[in-house]
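A short write-up of the structure that comes next.
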Amino acid sequence: MKWYFASRMRHKANIAAISEFLKKNGQTVTSEWAHNGSLKPYEQNIPDCQLLSKEIVRSLLDTDIFVLISDPEGTDMFIELGVCLAKSTLSQNITIYIVGKHAKRSLMHLHPSIVHAVDMQEVFEREKIAYQGFDIPDFN
């Protein structure tokens with residue numbers, strides 16, 4: 001399966017660890033944003049931002065499993081969620097998870113295509129990913 005993780009940059013080390021675990025177990029991660037540096041301030045890096053944003057949308061459209069790590073703040077991760085909700089409406093070829101305690105803070109978080117999960121362990125169990133021996137990061 002092809003995975004995409006949306007999250008705040010402060011979780012990038014945990015996202016990178018989960019991505020590496022999944023890849024070692026035969027899964028694909030469609031975006032390696034957790035390994036990239038920041039492009040902030042965006043207005044001073046417009047060409048790079050435009051290129052990366054196009055790449056991210058392509059990655060999202062090629063994703064089977066989208067996981068949003070919930071947070072009381074954030075911007076881009078909610079746009080990424082919107083792209084995946086549009087994909088789910090048009091094709092139904094995506095599973096969308098929102099993980100964590102901030103998973104129901106907006107109208108769109110309650111879209112019927114979204115599966116709410118307490119933590120990544122629940123996501124792995126739903127997707128039948130064996131995680132024994134892997135220290136699953138806690139995002140709460």
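Each chain of the structure tokens is named A, B, ... in the order shown, its residues numbered from 1; ligands are numbered from 1 in display order.
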Counting only C-alpha atoms, what is within 7 Å of Val118 of chain A, bar same-chain residues fewer than 5 positions away, as number ranges by chain?
A: 99-101
Export of the given selection (C-alpha atoms) as a PDB file, in the first residue's frame:
```
ATOM      1  CA  VAL A  99      -5.129  10.120  14.541  1.00  0.00           C
ATOM      2  CA  GLY A 100      -5.218  11.663  17.999  1.00  0.00           C
ATOM      3  CA  LYS A 101      -7.306  13.733  20.346  1.00  0.00           C
TER       4      LYS A 101
END
```
Quick one: pick out all helix (DSSP H, G or I) residues within segment 37-95 of chain A from a backbone DSSP run and write them as number ranges by chain.
A: 42-44, 46-61, 76-90
Could you write out that same residue set with C-alpha atoms as a PDB file, in the first residue's frame?
```
ATOM      1  CA  TYR A  42       7.526  30.870   1.804  1.00  0.00           C
ATOM      2  CA  GLU A  43       7.342  34.184  -0.015  1.00  0.00           C
ATOM      3  CA  GLN A  44      11.135  34.157  -0.380  1.00  0.00           C
ATOM      4  CA  ILE A  46       8.152  30.811  -4.264  1.00  0.00           C
ATOM      5  CA  PRO A  47       9.624  28.717  -7.122  1.00  0.00           C
ATOM      6  CA  ASP A  48      10.641  25.923  -4.715  1.00  0.00           C
ATOM      7  CA  CYS A  49       7.268  26.118  -2.932  1.00  0.00           C
ATOM      8  CA  GLN A  50       5.385  25.878  -6.215  1.00  0.00           C
ATOM      9  CA  LEU A  51       7.402  22.846  -7.291  1.00  0.00           C
ATOM     10  CA  LEU A  52       7.005  21.108  -3.930  1.00  0.00           C
ATOM     11  CA  SER A  53       3.273  21.838  -3.704  1.00  0.00           C
ATOM     12  CA  LYS A  54       2.727  20.242  -7.130  1.00  0.00           C
ATOM     13  CA  GLU A  55       4.782  17.222  -6.039  1.00  0.00           C
ATOM     14  CA  ILE A  56       2.755  16.894  -2.835  1.00  0.00           C
ATOM     15  CA  VAL A  57      -0.577  16.974  -4.691  1.00  0.00           C
ATOM     16  CA  ARG A  58       0.705  14.271  -7.071  1.00  0.00           C
ATOM     17  CA  SER A  59       1.771  12.205  -4.051  1.00  0.00           C
ATOM     18  CA  LEU A  60      -1.623  12.622  -2.422  1.00  0.00           C
ATOM     19  CA  LEU A  61      -3.429  11.542  -5.572  1.00  0.00           C
ATOM     20  CA  ASP A  76      -0.965  22.614   5.112  1.00  0.00           C
ATOM     21  CA  MET A  77      -2.052  19.315   6.639  1.00  0.00           C
ATOM     22  CA  PHE A  78      -5.676  20.436   6.363  1.00  0.00           C
ATOM     23  CA  ILE A  79      -5.228  21.293   2.688  1.00  0.00           C
ATOM     24  CA  GLU A  80      -3.712  17.837   2.182  1.00  0.00           C
ATOM     25  CA  LEU A  81      -6.764  16.373   3.916  1.00  0.00           C
ATOM     26  CA  GLY A  82      -8.984  18.296   1.494  1.00  0.00           C
ATOM     27  CA  VAL A  83      -7.176  16.831  -1.518  1.00  0.00           C
ATOM     28  CA  CYS A  84      -7.727  13.332  -0.113  1.00  0.00           C
ATOM     29  CA  LEU A  85     -11.392  13.999   0.653  1.00  0.00           C
ATOM     30  CA  ALA A  86     -11.853  15.089  -2.963  1.00  0.00           C
ATOM     31  CA  LYS A  87     -10.112  11.897  -4.116  1.00  0.00           C
ATOM     32  CA  SER A  88     -12.375   9.805  -1.874  1.00  0.00           C
ATOM     33  CA  THR A  89     -15.442  11.521  -3.285  1.00  0.00           C
ATOM     34  CA  LEU A  90     -14.373  10.973  -6.884  1.00  0.00           C
TER      35      LEU A  90
END
```
DSSP on the backbone, strand (DSSP E or B) only: what residues of chain A does that give? Format it as number ranges by chain.
A: 2-6, 28-29, 65-69, 95-99, 114-117
May I have the selected residues written with N, CA and C atoms, as an mmCIF file, in the first residue's frame?
```cif
data_model
loop_
_atom_site.group_PDB
_atom_site.id
_atom_site.type_symbol
_atom_site.label_atom_id
_atom_site.label_comp_id
_atom_site.auth_asym_id
_atom_site.auth_seq_id
_atom_site.Cartn_x
_atom_site.Cartn_y
_atom_site.Cartn_z
ATOM 1 N N LYS A 2 0.316 2.327 -0.471
ATOM 2 C CA LYS A 2 1.019 3.604 -0.552
ATOM 3 C C LYS A 2 0.462 4.539 0.523
ATOM 4 N N TRP A 3 1.345 5.018 1.398
ATOM 5 C CA TRP A 3 0.976 5.829 2.556
ATOM 6 C C TRP A 3 1.434 7.279 2.380
ATOM 7 N N TYR A 4 0.660 8.185 2.970
ATOM 8 C CA TYR A 4 1.057 9.596 3.072
ATOM 9 C C TYR A 4 0.713 10.046 4.483
ATOM 10 N N PHE A 5 1.639 10.752 5.122
ATOM 11 C CA PHE A 5 1.420 11.280 6.469
ATOM 12 C C PHE A 5 1.400 12.794 6.419
ATOM 13 N N ALA A 6 0.353 13.361 6.995
ATOM 14 C CA ALA A 6 0.240 14.814 7.116
ATOM 15 C C ALA A 6 0.335 15.155 8.601
ATOM 16 N N THR A 28 4.950 1.444 0.817
ATOM 17 C CA THR A 28 5.499 2.605 0.125
ATOM 18 C C THR A 28 5.009 3.859 0.818
ATOM 19 N N VAL A 29 5.883 4.842 0.944
ATOM 20 C CA VAL A 29 5.495 6.157 1.467
ATOM 21 C C VAL A 29 5.634 7.117 0.294
ATOM 22 N N ILE A 65 -3.444 5.187 1.518
ATOM 23 C CA ILE A 65 -3.749 5.401 2.934
ATOM 24 C C ILE A 65 -3.186 6.760 3.341
ATOM 25 N N PHE A 66 -4.071 7.657 3.712
ATOM 26 C CA PHE A 66 -3.692 8.996 4.166
ATOM 27 C C PHE A 66 -3.884 9.042 5.679
ATOM 28 N N VAL A 67 -2.852 9.503 6.394
ATOM 29 C CA VAL A 67 -2.919 9.599 7.851
ATOM 30 C C VAL A 67 -2.604 11.029 8.254
ATOM 31 N N LEU A 68 -3.568 11.687 8.874
ATOM 32 C CA LEU A 68 -3.362 13.021 9.423
ATOM 33 C C LEU A 68 -3.151 12.891 10.922
ATOM 34 N N ILE A 69 -2.020 13.359 11.403
ATOM 35 C CA ILE A 69 -1.758 13.380 12.840
ATOM 36 C C ILE A 69 -2.369 14.673 13.364
ATOM 37 N N THR A 95 -8.083 5.342 1.840
ATOM 38 C CA THR A 95 -8.535 5.266 3.229
ATOM 39 C C THR A 95 -7.934 6.462 3.945
ATOM 40 N N ILE A 96 -8.761 7.193 4.671
ATOM 41 C CA ILE A 96 -8.330 8.415 5.350
ATOM 42 C C ILE A 96 -8.477 8.226 6.853
ATOM 43 N N TYR A 97 -7.361 8.433 7.567
ATOM 44 C CA TYR A 97 -7.368 8.373 9.022
ATOM 45 C C TYR A 97 -7.010 9.740 9.587
ATOM 46 N N ILE A 98 -7.656 10.078 10.685
ATOM 47 C CA ILE A 98 -7.179 11.177 11.526
ATOM 48 C C ILE A 98 -6.874 10.556 12.878
ATOM 49 N N VAL A 99 -5.626 10.754 13.331
ATOM 50 C CA VAL A 99 -5.129 10.120 14.541
ATOM 51 C C VAL A 99 -4.975 11.159 15.642
ATOM 52 N N ILE A 114 -13.762 9.591 6.626
ATOM 53 C CA ILE A 114 -12.666 9.614 7.597
ATOM 54 C C ILE A 114 -12.879 8.570 8.684
ATOM 55 N N VAL A 115 -11.806 7.861 8.980
ATOM 56 C CA VAL A 115 -11.769 6.926 10.105
ATOM 57 C C VAL A 115 -10.969 7.596 11.211
ATOM 58 N N HIS A 116 -11.556 7.708 12.380
ATOM 59 C CA HIS A 116 -10.856 8.305 13.520
ATOM 60 C C HIS A 116 -10.162 7.214 14.315
ATOM 61 N N ALA A 117 -8.888 7.452 14.622
ATOM 62 C CA ALA A 117 -8.099 6.472 15.366
ATOM 63 C C ALA A 117 -7.465 7.151 16.573
#
```
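By chain and then residue number, the residues within 8 Å of segment 120-125 of chain A are Tyr97, Val99, Ile129, Ala130, Tyr131, Ile136, Pro137 and Asp138 of chain A, counting only C-alpha atoms and disregarding those fewer than 4 positions away in sequence.
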How would the residues just chosen look if you wrote them out with N, CA and C atoms as a PDB file, in the first residue's frame?
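As a result, part_8.pdb now contains:
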```pdb
ATOM      1  N   TYR A  97      -7.361   8.433   7.567  1.00  0.00           N
ATOM      2  CA  TYR A  97      -7.368   8.373   9.022  1.00  0.00           C
ATOM      3  C   TYR A  97      -7.010   9.740   9.587  1.00  0.00           C
ATOM      4  N   VAL A  99      -5.626  10.754  13.331  1.00  0.00           N
ATOM      5  CA  VAL A  99      -5.129  10.120  14.541  1.00  0.00           C
ATOM      6  C   VAL A  99      -4.975  11.159  15.642  1.00  0.00           C
ATOM      7  N   ILE A 129      -0.968  -4.341   9.776  1.00  0.00           N
ATOM      8  CA  ILE A 129       0.476  -4.144   9.751  1.00  0.00           C
ATOM      9  C   ILE A 129       1.040  -4.690  11.062  1.00  0.00           C
ATOM     10  N   ALA A 130       1.899  -5.706  10.984  1.00  0.00           N
ATOM     11  CA  ALA A 130       2.532  -6.263  12.180  1.00  0.00           C
ATOM     12  C   ALA A 130       3.540  -5.245  12.711  1.00  0.00           C
ATOM     13  N   TYR A 131       3.372  -4.833  13.946  1.00  0.00           N
ATOM     14  CA  TYR A 131       4.228  -3.777  14.507  1.00  0.00           C
ATOM     15  C   TYR A 131       5.007  -4.250  15.730  1.00  0.00           C
ATOM     16  N   ILE A 136       6.160   2.327  18.520  1.00  0.00           N
ATOM     17  CA  ILE A 136       5.297   3.256  17.791  1.00  0.00           C
ATOM     18  C   ILE A 136       5.298   4.608  18.502  1.00  0.00           C
ATOM     19  N   PRO A 137       5.642   5.684  17.799  1.00  0.00           N
ATOM     20  CA  PRO A 137       5.643   7.013  18.424  1.00  0.00           C
ATOM     21  C   PRO A 137       4.242   7.416  18.885  1.00  0.00           C
ATOM     22  N   ASP A 138       4.213   8.119  19.999  1.00  0.00           N
ATOM     23  CA  ASP A 138       2.953   8.647  20.543  1.00  0.00           C
ATOM     24  C   ASP A 138       2.884  10.125  20.184  1.00  0.00           C
TER      25      ASP A 138
END
```
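When atom CA of Gly74 of chain A is paired with atom CA of Gly37 of chain A, their separation reads 17.1 Å.
Distances from A:Asn25, A:Thr30, A:Ser38, A:Asn93 to Lys12 of chain A were compared using only C-alpha atoms, and the smallest one belongs to A:Ser38.
The residue that comes closest to Asn36 of chain A, out of A:Ala103, A:Met108, A:Met1, A:Ile15 and on the basis of only C-alpha atoms, is A:Ile15.
The smallest atom-to-atom distance between Ser106 of chain A and any of A:Ile94, A:Glu73, A:Ile18, A:Asp135, using only C-alpha atoms, is found for A:Glu73.
For the set A:Ser31, A:Asp62, A:Leu22, A:His111, the residue with the smallest atom-to-atom gap to Phe134 of chain A is A:Leu22, counting only C-alpha atoms.
Here atom CA of Phe139 of chain A and atom CA of Asp71 of chain A stand 8.8 Å from one another.
The coordinates place atom CA of Arg126 of chain A at 18.1 Å from atom CA of Ser70 of chain A.
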